[in-house]
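*Asks:* Next up, structure25.cif (mmCIF, C-alpha atoms and all ligand atoms).
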```
data_entry
#
loop_
_atom_site.label_atom_id
_atom_site.label_comp_id
_atom_site.auth_asym_id
_atom_site.auth_seq_id
_atom_site.Cartn_x
_atom_site.Cartn_y
_atom_site.Cartn_z
CA MET B 1 -59.76 -17.71 136.03
CA ASN B 2 -58.61 -14.77 137.93
CA CYS B 3 -56.40 -14.33 140.91
CA ASN B 4 -58.57 -11.62 142.31
CA GLN B 5 -61.09 -14.30 142.98
CA LEU B 6 -59.33 -15.31 146.17
CA LEU B 7 -62.09 -15.67 148.72
CA ARG B 8 -62.13 -16.34 152.41
CA TYR B 9 -62.53 -19.93 153.51
CA PHE B 10 -62.15 -21.69 156.77
CA CYS B 11 -61.80 -25.35 157.48
CA ALA B 12 -64.98 -26.49 159.18
CA TYR B 13 -62.98 -28.90 161.28
CA CYS B 14 -59.92 -27.05 162.58
CA LYS B 15 -61.16 -23.50 161.80
CA ASN B 16 -57.92 -22.57 160.07
CA ARG B 17 -57.98 -20.14 157.22
CA ILE B 18 -57.63 -21.93 153.92
CA TRP B 19 -57.01 -20.67 150.41
CA ARG B 20 -58.50 -21.41 147.11
CA LEU B 21 -58.93 -19.89 143.74
CA GLY B 22 -61.92 -19.72 141.47
CA ARG B 23 -64.67 -22.16 142.12
CA GLN B 24 -62.85 -25.25 143.19
CA GLY B 25 -63.17 -27.50 146.19
CA PHE B 26 -60.34 -27.23 148.67
CA LYS B 27 -58.48 -29.19 151.26
CA CYS B 28 -57.34 -27.72 154.56
CA ILE B 29 -53.54 -27.57 154.81
CA GLN B 30 -53.62 -27.96 158.58
CA CYS B 31 -55.84 -30.95 159.18
CA LYS B 32 -56.01 -32.19 155.57
CA LEU B 33 -59.51 -33.41 156.19
CA LEU B 34 -62.13 -31.39 154.42
CA VAL B 35 -62.85 -30.34 150.93
CA LEU B 36 -64.92 -27.20 151.05
CA VAL B 37 -66.66 -25.14 148.45
CA ARG B 38 -68.55 -21.89 148.76
CA LYS B 39 -71.36 -20.59 146.67
CA LYS B 40 -70.59 -16.95 146.34
CA SER B 41 -67.89 -14.41 146.91
CA ARG B 42 -67.97 -12.51 150.16
CA ASN B 43 -64.64 -10.77 150.40
CA THR B 44 -62.69 -10.30 147.25
CA VAL B 45 -59.10 -9.67 148.15
CA ASN B 46 -56.04 -8.84 146.14
CA LYS B 47 -53.53 -9.80 148.74
CA PRO B 48 -54.20 -12.78 150.94
CA ASN B 49 -54.04 -12.00 154.63
CA LEU B 50 -54.07 -14.74 157.16
CA THR B 51 -56.22 -13.09 159.80
CA GLY B 52 -59.65 -14.11 158.64
CA ASP B 53 -62.58 -14.67 160.95
CA PRO B 54 -62.68 -18.38 161.68
CA ASN B 55 -66.23 -18.20 162.91
CA LYS B 56 -67.90 -17.27 159.67
CA PRO B 57 -70.64 -19.74 158.85
CA LEU B 58 -70.08 -22.48 156.32
CA ASP B 59 -73.73 -22.73 155.37
CA GLU B 60 -73.22 -21.39 151.90
CA LEU B 61 -71.15 -24.31 150.82
CA GLU B 62 -72.15 -26.47 147.94
CA PRO B 63 -70.32 -28.65 145.46
CA VAL B 64 -69.45 -26.87 142.23
CA SER B 65 -67.81 -27.98 139.04
CA GLN B 66 -64.03 -27.71 138.81
CA PRO B 67 -62.50 -24.76 137.08
CA GLN B 68 -60.44 -25.88 134.17
CA TYR B 69 -57.48 -24.80 132.20
CA SER B 70 -57.04 -25.25 128.48
CA LEU B 71 -54.21 -24.93 126.02
CA ASP B 72 -55.35 -21.38 125.21
CA ASP B 73 -54.41 -20.28 128.73
CA PHE B 74 -50.75 -20.97 128.01
CA GLU B 75 -48.08 -19.55 125.77
CA LEU B 76 -45.70 -22.31 124.67
CA ILE B 77 -42.18 -20.98 125.06
CA ARG B 78 -39.76 -23.81 124.29
CA VAL B 79 -39.01 -27.50 124.40
CA ILE B 80 -37.03 -28.51 127.49
CA GLY B 81 -37.11 -32.26 127.24
CA ARG B 82 -38.31 -35.26 125.34
CA GLY B 83 -38.91 -38.84 126.34
CA SER B 84 -40.32 -41.83 124.54
CA TYR B 85 -43.92 -40.94 125.34
CA ALA B 86 -43.82 -37.32 126.29
CA LYS B 87 -42.48 -33.92 125.44
CA VAL B 88 -41.80 -31.36 128.17
CA LEU B 89 -42.26 -27.68 127.38
CA MET B 90 -41.59 -24.46 129.18
CA VAL B 91 -44.83 -22.49 129.13
CA GLU B 92 -46.30 -19.33 130.57
CA LEU B 93 -49.73 -19.17 132.16
CA LYS B 94 -50.73 -15.97 130.38
CA GLU B 95 -53.12 -14.56 132.95
CA VAL B 96 -50.61 -14.45 135.79
CA ARG B 97 -47.43 -14.48 133.67
CA GLN B 98 -46.15 -17.43 135.63
CA ILE B 99 -43.75 -19.96 134.10
CA TYR B 100 -44.55 -23.69 134.28
CA ALA B 101 -43.22 -26.92 132.84
CA MET B 102 -45.80 -28.74 130.72
CA LYS B 103 -45.62 -32.44 130.02
CA VAL B 104 -47.49 -33.26 126.83
CA ILE B 105 -48.48 -36.86 126.12
CA LYS B 106 -50.10 -38.08 122.92
CA LYS B 107 -53.10 -40.24 123.75
CA ALA B 108 -52.46 -42.42 120.70
CA LEU B 109 -49.01 -43.32 122.08
CA VAL B 110 -50.26 -43.95 125.59
CA LYS B 111 -52.73 -46.50 124.30
CA GLU B 112 -50.21 -48.43 122.22
CA GLY B 113 -49.39 -50.85 125.00
CA GLY B 114 -53.10 -51.05 125.82
CA ASN B 115 -52.24 -49.84 129.27
CA ILE B 116 -52.88 -46.33 130.49
CA ASN B 117 -52.31 -47.06 134.17
CA TRP B 118 -48.99 -45.25 134.20
CA ILE B 119 -50.83 -42.02 133.42
CA ARG B 120 -53.12 -42.61 136.39
CA THR B 121 -50.10 -43.44 138.51
CA GLU B 122 -48.21 -40.33 137.43
CA LYS B 123 -51.19 -38.15 138.24
CA HIS B 124 -51.88 -39.85 141.54
CA VAL B 125 -48.25 -39.61 142.64
CA PHE B 126 -48.30 -35.92 141.72
CA GLU B 127 -51.36 -35.46 143.90
CA THR B 128 -49.75 -37.38 146.73
CA VAL B 129 -46.46 -35.49 146.71
CA SER B 130 -47.38 -31.94 145.69
CA ASN B 131 -46.19 -29.53 148.39
CA HIS B 132 -43.31 -31.71 149.52
CA PRO B 133 -40.20 -29.49 149.44
CA PHE B 134 -38.08 -31.93 147.43
CA LEU B 135 -40.64 -33.28 144.99
CA VAL B 136 -41.97 -31.44 141.98
CA GLY B 137 -45.63 -30.44 142.34
CA LEU B 138 -48.57 -30.41 139.99
CA HIS B 139 -50.41 -27.24 139.01
CA SER B 140 -53.13 -28.72 136.82
CA CYS B 141 -54.12 -31.33 134.26
CA PHE B 142 -56.26 -30.96 131.17
CA GLN B 143 -56.73 -32.64 127.82
CA THR B 144 -57.52 -32.07 124.16
CA PRO B 145 -58.92 -34.79 121.88
CA SER B 146 -55.37 -35.88 121.00
CA ARG B 147 -53.30 -35.08 124.07
CA LEU B 148 -52.94 -35.09 127.86
CA PHE B 149 -51.27 -32.18 129.64
CA PHE B 150 -49.60 -32.06 133.04
CA VAL B 151 -48.80 -28.51 134.12
CA ILE B 152 -45.95 -28.73 136.61
CA GLU B 153 -44.26 -26.15 138.81
CA PHE B 154 -41.20 -24.91 136.97
CA VAL B 155 -37.88 -25.61 138.64
CA GLN B 156 -35.50 -22.96 137.45
CA GLY B 157 -32.01 -24.29 138.02
CA GLY B 158 -32.12 -27.10 135.45
CA ASP B 159 -31.14 -30.66 136.19
CA LEU B 160 -28.07 -32.29 137.72
CA THR B 161 -26.88 -33.63 134.33
CA SER B 162 -26.28 -30.08 133.11
CA HIS B 163 -24.76 -29.11 136.45
CA MET B 164 -22.37 -32.07 136.26
CA GLN B 165 -21.41 -31.18 132.69
CA ARG B 166 -20.09 -27.89 134.02
CA GLU B 167 -18.49 -29.24 137.19
CA ARG B 168 -17.36 -32.76 136.15
CA ARG B 169 -17.30 -33.87 139.77
CA LEU B 170 -18.41 -32.39 143.06
CA PRO B 171 -16.64 -31.93 146.38
CA GLU B 172 -17.90 -34.39 149.00
CA LYS B 173 -19.63 -31.61 150.90
CA HIS B 174 -21.78 -30.75 147.88
CA ALA B 175 -22.49 -34.38 147.02
CA ARG B 176 -23.49 -35.01 150.65
CA PHE B 177 -26.05 -32.20 150.54
CA TYR B 178 -27.67 -33.49 147.33
CA ALA B 179 -27.62 -37.11 148.50
CA ALA B 180 -29.19 -36.12 151.82
CA GLU B 181 -32.03 -34.10 150.25
CA ILE B 182 -32.65 -36.89 147.73
CA SER B 183 -32.72 -39.39 150.62
CA LEU B 184 -35.45 -37.36 152.33
CA ALA B 185 -37.47 -37.29 149.10
CA LEU B 186 -37.08 -41.05 148.60
CA ASN B 187 -37.93 -41.79 152.20
CA PHE B 188 -41.06 -39.67 151.90
CA LEU B 189 -42.13 -41.53 148.74
CA HIS B 190 -41.44 -44.88 150.41
CA GLY B 191 -43.51 -43.80 153.41
CA LYS B 192 -46.37 -43.21 150.98
CA GLY B 193 -45.96 -46.70 149.54
CA ILE B 194 -44.30 -45.44 146.36
CA ILE B 195 -41.16 -46.87 144.73
CA TYR B 196 -39.70 -44.11 142.56
CA ARG B 197 -37.75 -46.38 140.18
CA ASP B 198 -36.30 -43.60 138.07
CA LEU B 199 -33.71 -41.82 140.15
CA LYS B 200 -31.02 -40.45 137.83
CA LEU B 201 -29.13 -37.18 137.36
CA GLU B 202 -31.62 -36.01 134.74
CA ASN B 203 -34.55 -36.30 137.13
CA VAL B 204 -32.92 -34.29 139.90
CA LEU B 205 -33.73 -30.63 139.36
CA LEU B 206 -32.30 -27.64 141.24
CA ASP B 207 -34.58 -24.84 142.35
CA HIS B 208 -33.59 -21.17 142.30
CA GLU B 209 -31.83 -21.51 145.67
CA GLY B 210 -30.12 -24.78 144.81
CA HIS B 211 -32.36 -27.23 146.69
CA ILE B 212 -33.20 -30.41 144.84
CA LYS B 213 -36.54 -31.50 143.46
CA LEU B 214 -37.17 -34.92 141.96
CA THR B 215 -39.37 -35.09 138.89
CA ASP B 216 -40.97 -37.63 136.52
CA TYR B 217 -43.26 -40.03 138.33
CA GLY B 218 -44.10 -41.92 135.13
CA ILE B 219 -42.67 -45.26 136.26
CA CYS B 220 -43.39 -45.08 139.97
CA LYS B 221 -44.97 -48.09 141.60
CA GLU B 222 -47.69 -47.34 144.14
CA GLY B 223 -49.34 -49.32 146.89
CA ILE B 224 -46.20 -50.97 148.28
CA ARG B 225 -46.29 -51.69 152.02
CA PRO B 226 -43.08 -52.46 153.92
CA GLY B 227 -41.95 -55.89 152.84
CA ASP B 228 -44.12 -55.90 149.69
CA THR B 229 -42.48 -56.50 146.35
CA THR B 230 -43.11 -56.02 142.67
CA SER B 231 -41.37 -57.39 139.60
CA THR B 232 -41.71 -55.13 136.53
CA PHE B 233 -38.49 -54.72 134.57
CA CYS B 234 -38.03 -50.97 134.22
CA GLY B 235 -35.72 -48.04 134.85
CA THR B 236 -32.81 -46.39 133.07
CA PRO B 237 -30.10 -48.98 132.24
CA ASN B 238 -27.17 -47.43 134.13
CA TYR B 239 -29.26 -47.10 137.31
CA ILE B 240 -31.14 -50.42 137.34
CA ALA B 241 -30.55 -52.44 140.50
CA PRO B 242 -29.17 -56.01 140.22
CA GLU B 243 -32.34 -57.54 141.68
CA ILE B 244 -34.39 -56.02 138.83
CA LEU B 245 -31.88 -57.32 136.27
CA CYS B 246 -32.10 -60.79 137.79
CA GLY B 247 -35.85 -60.78 137.40
CA GLU B 248 -36.33 -61.06 141.15
CA ASP B 249 -39.16 -59.48 143.09
CA TYR B 250 -37.99 -56.20 144.56
CA GLY B 251 -39.09 -53.38 146.84
CA PHE B 252 -37.88 -49.93 147.94
CA SER B 253 -34.28 -51.22 147.86
CA VAL B 254 -33.97 -50.39 144.14
CA ASP B 255 -34.15 -46.65 144.85
CA TRP B 256 -31.23 -46.81 147.31
CA TRP B 257 -29.18 -48.65 144.68
CA SER B 258 -29.90 -45.86 142.17
CA LEU B 259 -28.91 -43.28 144.78
CA GLY B 260 -25.61 -45.16 145.11
CA VAL B 261 -25.06 -44.93 141.35
CA LEU B 262 -25.96 -41.24 141.32
CA LEU B 263 -23.78 -40.41 144.32
CA TYR B 264 -20.88 -42.29 142.71
CA GLU B 265 -21.40 -40.28 139.52
CA ILE B 266 -21.29 -36.91 141.22
CA LEU B 267 -18.31 -37.81 143.41
CA ALA B 268 -16.25 -39.58 140.76
CA GLY B 269 -17.36 -37.70 137.65
CA ARG B 270 -18.25 -40.95 135.87
CA SER B 271 -20.56 -43.92 136.24
CA PRO B 272 -19.43 -46.84 138.41
CA PHE B 273 -20.16 -49.02 135.38
CA ASP B 274 -18.14 -47.13 132.77
CA ILE B 275 -15.53 -49.36 131.17
CA ALA B 276 -12.35 -47.61 130.05
CA GLY B 277 -12.09 -47.90 126.29
CA ALA B 278 -15.53 -49.47 125.89
CA SER B 279 -16.49 -46.99 123.18
CA GLU B 280 -13.94 -48.56 120.78
CA ASN B 281 -15.25 -52.05 121.29
CA PRO B 282 -18.75 -52.57 119.86
CA ASP B 283 -19.28 -55.71 121.98
CA GLN B 284 -18.87 -53.67 125.13
CA ASN B 285 -21.33 -51.06 123.99
CA THR B 286 -24.52 -53.03 124.35
CA GLU B 287 -27.12 -52.94 127.07
CA ASP B 288 -26.51 -56.62 127.78
CA TYR B 289 -22.85 -55.94 128.42
CA LEU B 290 -23.75 -53.08 130.78
CA PHE B 291 -26.12 -55.40 132.67
CA GLN B 292 -23.34 -57.98 133.05
CA VAL B 293 -21.09 -55.25 134.46
CA ILE B 294 -23.79 -54.13 136.92
CA LEU B 295 -24.30 -57.72 138.05
CA LYS B 296 -20.71 -58.87 138.31
CA LYS B 297 -17.89 -56.37 137.98
CA THR B 298 -16.14 -55.27 141.14
CA ILE B 299 -16.98 -51.62 141.73
CA ARG B 300 -13.79 -49.59 142.13
CA ILE B 301 -14.08 -46.56 144.37
CA PRO B 302 -11.66 -43.74 143.42
CA ARG B 303 -8.83 -43.48 145.94
CA SER B 304 -9.30 -39.75 146.12
CA LEU B 305 -12.53 -40.23 148.10
CA SER B 306 -12.65 -40.25 151.88
CA VAL B 307 -13.16 -43.49 153.78
CA ARG B 308 -16.65 -42.37 154.74
CA ALA B 309 -17.63 -41.60 151.17
CA ALA B 310 -16.23 -44.94 150.01
CA ASN B 311 -18.24 -46.69 152.72
CA VAL B 312 -21.52 -45.00 151.94
CA LEU B 313 -21.06 -45.86 148.25
CA LYS B 314 -20.30 -49.50 149.10
CA GLY B 315 -23.37 -49.46 151.35
CA PHE B 316 -25.78 -48.29 148.64
CA LEU B 317 -24.07 -50.30 145.90
CA ASN B 318 -24.38 -53.58 147.78
CA ARG B 319 -25.72 -56.08 145.22
CA ASN B 320 -27.65 -57.94 147.88
CA PRO B 321 -30.76 -55.84 148.62
CA ALA B 322 -31.10 -57.42 152.03
CA ASP B 323 -27.71 -56.03 153.08
CA ARG B 324 -27.91 -52.73 151.23
CA LEU B 325 -27.67 -49.46 153.17
CA GLY B 326 -31.17 -48.23 153.94
CA CYS B 327 -32.87 -51.53 153.20
CA PRO B 328 -32.82 -54.30 155.79
CA ASN B 329 -35.72 -53.38 158.09
CA PRO B 330 -38.71 -51.04 158.17
CA ASP B 331 -36.74 -48.49 160.17
CA ALA B 332 -33.81 -48.66 157.78
CA PHE B 333 -33.79 -44.95 157.10
CA THR B 334 -31.94 -44.28 160.36
CA GLU B 335 -29.16 -46.46 158.99
CA ILE B 336 -28.71 -43.76 156.37
CA THR B 337 -29.16 -40.72 158.60
CA GLU B 338 -26.68 -42.15 161.10
CA HIS B 339 -24.08 -43.13 158.55
CA PRO B 340 -20.73 -41.40 159.22
CA PHE B 341 -20.77 -39.88 155.71
CA PHE B 342 -23.86 -37.88 156.74
CA GLU B 343 -22.57 -37.00 160.21
CA SER B 344 -22.49 -33.25 159.51
CA ILE B 345 -26.08 -33.21 158.21
CA ASP B 346 -28.72 -31.74 160.50
CA TRP B 347 -31.65 -33.75 159.17
CA ASP B 348 -34.33 -31.64 160.85
CA MET B 349 -32.90 -28.42 159.43
CA LEU B 350 -32.49 -30.08 156.05
CA LYS B 351 -36.12 -31.17 156.00
CA GLN B 352 -37.20 -27.58 156.59
CA LYS B 353 -35.01 -26.35 153.73
CA LYS B 354 -32.98 -24.41 156.26
CA VAL B 355 -29.60 -25.74 155.18
CA ILE B 356 -28.06 -23.37 152.64
CA PRO B 357 -27.36 -25.24 149.38
CA PRO B 358 -23.73 -25.48 148.29
CA TYR B 359 -24.42 -24.01 144.87
CA LYS B 360 -26.92 -21.39 143.77
CA PRO B 361 -27.95 -21.59 140.12
CA ARG B 362 -27.25 -18.36 138.28
CA LEU B 363 -30.46 -16.99 136.84
CA SER B 364 -30.94 -13.62 135.26
CA SER B 365 -34.70 -13.96 134.80
CA ASP B 366 -37.24 -16.73 135.05
CA ARG B 367 -36.93 -17.33 131.32
CA ASP B 368 -33.16 -17.57 131.59
CA LEU B 369 -31.65 -20.05 129.17
CA ALA B 370 -28.37 -20.70 130.94
CA ASN B 371 -29.54 -24.01 132.33
CA PHE B 372 -31.15 -25.33 129.20
CA PRO B 373 -29.78 -28.15 127.17
CA PRO B 374 -28.49 -26.58 123.95
CA GLU B 375 -30.04 -29.35 121.82
CA PHE B 376 -33.48 -28.03 122.73
CA THR B 377 -33.10 -24.28 122.86
CA ASN B 378 -33.56 -23.78 119.13
CA GLU B 379 -36.27 -26.38 118.66
CA PRO B 380 -39.53 -24.74 117.61
CA VAL B 381 -42.38 -25.20 120.07
CA HIS B 382 -45.59 -26.19 118.50
CA LEU B 383 -48.01 -29.05 118.72
CA THR B 384 -48.93 -30.67 115.42
CA PRO B 385 -52.60 -30.09 114.55
CA ASP B 386 -54.97 -32.87 115.54
CA ASP B 387 -55.48 -35.50 112.89
CA ARG B 388 -59.13 -36.60 112.65
CA ARG B 389 -58.28 -40.17 111.67
CA VAL B 390 -56.00 -40.57 114.67
CA ILE B 391 -58.52 -39.07 117.08
CA GLU B 392 -61.37 -41.26 115.86
CA LYS B 393 -59.48 -44.33 117.06
CA ILE B 394 -59.02 -42.99 120.59
CA ASP B 395 -61.39 -44.27 123.25
CA GLN B 396 -61.93 -40.97 125.07
CA SER B 397 -63.68 -42.66 127.98
CA GLU B 398 -60.26 -43.88 129.16
CA PHE B 399 -59.30 -40.29 129.92
CA GLU B 400 -62.46 -39.17 131.64
CA GLY B 401 -61.80 -37.21 134.82
CA PHE B 402 -58.21 -36.37 133.92
CA GLU B 403 -58.85 -32.66 134.50
CA TYR B 404 -57.45 -31.36 137.75
CA VAL B 405 -56.42 -28.14 139.44
CA ASN B 406 -54.22 -28.06 142.52
CA PRO B 407 -55.49 -25.17 144.63
CA LEU B 408 -52.69 -25.35 147.17
CA LEU B 409 -49.94 -24.83 144.62
CA MET B 410 -51.85 -22.06 142.94
CA SER B 411 -52.67 -20.18 146.07
CA LEU B 412 -50.26 -17.89 147.84
CA GLU B 413 -46.97 -17.57 146.04
CA ASP B 414 -48.29 -17.80 142.52
CA CYS B 415 -51.12 -15.35 142.84
CA VAL B 416 -50.06 -12.46 144.99
C1 LIG K 501 -42.15 -34.87 134.08
C2 LIG K 501 -40.31 -35.59 132.88
C3 LIG K 501 -39.67 -34.38 133.03
C4 LIG K 501 -40.31 -33.36 133.72
C5 LIG K 501 -41.57 -33.62 134.24
C6 LIG K 501 -39.91 -31.24 134.87
C7 LIG K 501 -39.21 -29.95 134.87
C8 LIG K 501 -39.69 -28.92 135.67
C9 LIG K 501 -37.97 -27.54 134.99
C10 LIG K 501 -37.42 -28.53 134.19
C11 LIG K 501 -38.04 -29.74 134.14
C12 LIG K 501 -36.19 -28.26 133.46
C13 LIG K 501 -35.63 -27.03 133.38
C14 LIG K 501 -34.45 -26.79 132.70
C15 LIG K 501 -33.80 -27.82 132.09
C16 LIG K 501 -34.37 -29.06 132.17
C17 LIG K 501 -35.57 -29.25 132.87
C18 LIG K 501 -32.42 -30.11 131.23
C19 LIG K 501 -32.02 -31.23 130.27
C20 LIG K 501 -33.95 -32.47 130.78
C21 LIG K 501 -34.41 -31.44 131.77
N1 LIG K 501 -41.53 -35.82 133.38
N2 LIG K 501 -39.69 -32.12 133.85
N3 LIG K 501 -39.08 -27.74 135.72
N4 LIG K 501 -40.80 -29.10 136.43
N5 LIG K 501 -33.80 -30.15 131.58
N6 LIG K 501 -32.54 -32.50 130.65
O1 LIG K 501 -40.68 -31.50 135.75
#
```
Could you spell out this file's structure in structure tokens?
*Replies:*
Amino acid sequence: MNCNQLLRYFCAYCKNRIWRLGRQGFKCIQCKLLVLVRKKSRNTVNKPNLTGDPNKPLDELEPVSQPQYSLDDFELIRVIGRGSYAKVLMVELKEVRQIYAMKVIKKALVKEGGNINWIRTEKHVFETVSNHPFLVGLHSCFQTPSRLFFVIEFVQGGDLTSHMQRERRLPEKHARFYAAEISLALNFLHGKGIIYRDLKLENVLLDHEGHIKLTDYGICKEGIRPGDTTSTFCGTPNYIAPEILCGEDYGFSVDWWSLGVLLYEILAGRSPFDIAGASENPDQNTEDYLFQVILKKTIRIPRSLSVRAANVLKGFLNRNPADRLGCPNPDAFTEITEHPFFESIDWDMLKQKKVIPPYKPRLSSDRDLANFPPEFTNEPVHLTPDDRRVIEKIDQSEFEGFEYVNPLLMSLEDCV
């Protein structure tokens, strides 16, 4: 694939110029209606210009096979994260020397539970949210006999865990900015019928300017209409809402609880469920004990916080989801935007990324290591060679159609 293969395309419906790369079908950004493909190159351009002729005929269009990436297209640079099922690498797409994050999942592990739906969900959520300013977008997907690969836009500033390790706690003004951008991201997901279910410091990334981007859609729940509920027990212990712990059906409310926990953490410099001295007492170090604390212990708000901050925390950390800030009715988001804590936020400006972030990550180059967790920076990056006996047991039909390329993400900024 080559970035000089940018051709001229126009949406047959709204006549707007659209962009694509290689030989892939394309969706119009303006009306989001049509997927177009064209048989042959007419104008090969090096720099996109937006003044194409919208009246060019579309008669040369025909469906073509998707272009595909493979592991050979990437240089693996280093490990940046590791979860139970996946490893996340920093990689470079060699041809355009562009840095990406690559989530690598072993098919053998995916299949262990007999359920590969979460992979479909992760991919589908990526497709749904790519191009939202505060949600990490997908570049492409491909597979080898042993593994699945998600190539994800690289977010350069690292995550909020590392930021908090440097800062300990944030001034209310900074915390307000992050909480407000996260709220917009959550509200967008909810509007798409998606419960995020994994909001935590580690999943909040900062871009080069300091705007937030949420990542990791592996445990999202899709297809939730207002008022719908689900019941799977999942999440990261410290952030799990009481209604999940109680085994009750739950809805979007769980994400606002997690935002409460996260906002508490960045304002107070510790979790609302930390117990002083717990580390010395083994009984207080268990997950069960933590769950009891989440369910029952009175949450103490540090006196140093303003009344407004204390109130917004109490609002999100309300154990009754029906009374929780942002939850009671379908239009509950205005309850958040109109909360006194957010009074100084211009939500329209914020949505357009026009509010200047309180902190700009320091980056010397796009391979800068400053924001990397030290435990990973020395870890060698390589994928173990495929083992025939393992691969033979994999039902490859489960992964058919996993390949994907997102033409919108690849278009302008990455290819000029
Ligand atoms: C899907 C889980 C994690 C991810 C995707 C990302 C991602 C990204 C940059 C980073 C992650 C990044 C950059 C620097 C540091 C870190 C992450 C610091 C220590 C872990 C993360 N499922 N990851 N761009 N797109 N980390 N904690 O999407």
*Asks:* Within 9 Å of stretch 234-238 of chain B, counting all atoms listed in the file, which residues qualify if same-chain residues fewer than 5 places away don't, as JSON, numbers by chain?
*Replies:* {"B": [197, 198, 199, 200, 219, 244, 258, 261, 271, 272, 273, 287, 290, 291, 294]}
*Asks:* Save the residues we just selected, C-alpha atoms, as an mmCIF file, in the coordinates of the input?
*Replies:*
```
data_model
loop_
_atom_site.group_PDB
_atom_site.id
_atom_site.type_symbol
_atom_site.label_atom_id
_atom_site.label_comp_id
_atom_site.auth_asym_id
_atom_site.auth_seq_id
_atom_site.Cartn_x
_atom_site.Cartn_y
_atom_site.Cartn_z
ATOM 1 C CA ARG B 197 -37.750 -46.380 140.180
ATOM 2 C CA ASP B 198 -36.300 -43.600 138.070
ATOM 3 C CA LEU B 199 -33.710 -41.820 140.150
ATOM 4 C CA LYS B 200 -31.020 -40.450 137.830
ATOM 5 C CA ILE B 219 -42.670 -45.260 136.260
ATOM 6 C CA ILE B 244 -34.390 -56.020 138.830
ATOM 7 C CA SER B 258 -29.900 -45.860 142.170
ATOM 8 C CA VAL B 261 -25.060 -44.930 141.350
ATOM 9 C CA SER B 271 -20.560 -43.920 136.240
ATOM 10 C CA PRO B 272 -19.430 -46.840 138.410
ATOM 11 C CA PHE B 273 -20.160 -49.020 135.380
ATOM 12 C CA GLU B 287 -27.120 -52.940 127.070
ATOM 13 C CA LEU B 290 -23.750 -53.080 130.780
ATOM 14 C CA PHE B 291 -26.120 -55.400 132.670
ATOM 15 C CA ILE B 294 -23.790 -54.130 136.920
#
```
*Asks:* When you count all atoms listed in the file, which of these residues is closest to B:Val293: B:Pro242, B:Pro171, B:Gly223, B:Gly247?
*Replies:*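 Going through B:Pro242, B:Pro171, B:Gly223, B:Gly247 one by one, the smallest distance to B:Val293 is for B:Pro242.
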*Asks:* Would you compute the distance between atom CA of B:Ile105 and atom CA of B:Ala86? Give it in Å to one decimal.
*Replies:*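 Computing the Euclidean distance for atom CA of B:Ile105 and atom CA of B:Ala86 yields 4.7 Å.
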*Asks:* Per residue of chain B within 8 Å of ligand LIG 501 (chain K), note the shortest atom pair and the distance in Å to one decimal, counting only C-alpha atoms and all ligand atoms, and order the rows by chain and increasing residue number, as CSV.
*Replies:*
```
residue,atom,partner,partner_atom,distance
B:Ile80,CA,K:LIG501,C16,5.4
B:Gly81,CA,K:LIG501,C20,4.7
B:Arg82,CA,K:LIG501,C20,7.5
B:Gly83,CA,K:LIG501,C2,7.4
B:Ala86,CA,K:LIG501,N1,7.6
B:Lys87,CA,K:LIG501,C2,7.9
B:Val88,CA,K:LIG501,C4,6.1
B:Met90,CA,K:LIG501,C9,7.5
B:Tyr100,CA,K:LIG501,N4,6.9
B:Ala101,CA,K:LIG501,N4,4.8
B:Met102,CA,K:LIG501,C5,7.4
B:Lys103,CA,K:LIG501,C1,5.9
B:Val136,CA,K:LIG501,N4,6.1
B:Gly137,CA,K:LIG501,N4,7.7
B:Ile152,CA,K:LIG501,N4,5.2
B:Glu153,CA,K:LIG501,N4,5.1
B:Phe154,CA,K:LIG501,N3,3.8
B:Val155,CA,K:LIG501,N3,3.8
B:Gln156,CA,K:LIG501,C9,5.8
B:Gly157,CA,K:LIG501,C14,6.4
B:Gly158,CA,K:LIG501,C14,3.6
B:Asp159,CA,K:LIG501,C18,5.2
B:Thr161,CA,K:LIG501,N6,6.8
B:Ser162,CA,K:LIG501,C18,6.4
B:Glu202,CA,K:LIG501,N6,5.5
B:Asn203,CA,K:LIG501,C3,6.8
B:Leu205,CA,K:LIG501,C10,6.7
B:Leu214,CA,K:LIG501,O1,7.9
B:Thr215,CA,K:LIG501,O1,4.9
B:Asp216,CA,K:LIG501,N1,3.7
B:Tyr217,CA,K:LIG501,N1,6.7
B:Gly218,CA,K:LIG501,N1,6.8
B:Asn371,CA,K:LIG501,C14,5.7
B:Phe372,CA,K:LIG501,C15,4.6
B:Pro373,CA,K:LIG501,C19,4.9
```
*Asks:* Using all atoms listed in the file, can you list as a ChimeraX atom specification the residues within 10 Å of (-41.7, -56.4, 135.9)?
*Replies:* /B:230-234,244-245,247-250
*Asks:* Between atom CA of B:Lys351 and atom CA of B:Phe134, what is the distance, to one decimal in Å?
*Replies:*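 Calculated distance between atom CA of B:Lys351 and atom CA of B:Phe134 is 8.8 Å.
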*Asks:* With distances taken over only C-alpha atoms, which of B:Arg78, B:Arg388, B:Arg362, B:Arg168 is nearest to B:Val91?
*Replies:*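 Closest residue, counting only C-alpha atoms: B:Arg78.
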*Asks:* With distances taken over only C-alpha atoms, which of B:Leu325, B:Val96, B:Met164, B:Cys220 is nearest to B:His339?
*Replies:*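 Distance minimum relative to B:His339 lands on B:Leu325.
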*Asks:* Go through B:Arg97, B:Asp207, B:Gln68, B:Leu148 one by one, measure the shortest atom-to-atom distance of each to B:Leu363 using all atoms listed in the file, and give the residue with the smallest value.
*Replies:* B:Asp207
*Asks:* Compare B:Leu135, B:Val405, B:Ala310, B:Ile356 by their minimum atom-to-atom distance to B:Asn187, counting all atoms listed in the file, and give me the closest one.
*Replies:*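 Checking each candidate against B:Asn187, we get B:Leu135 as the closest.
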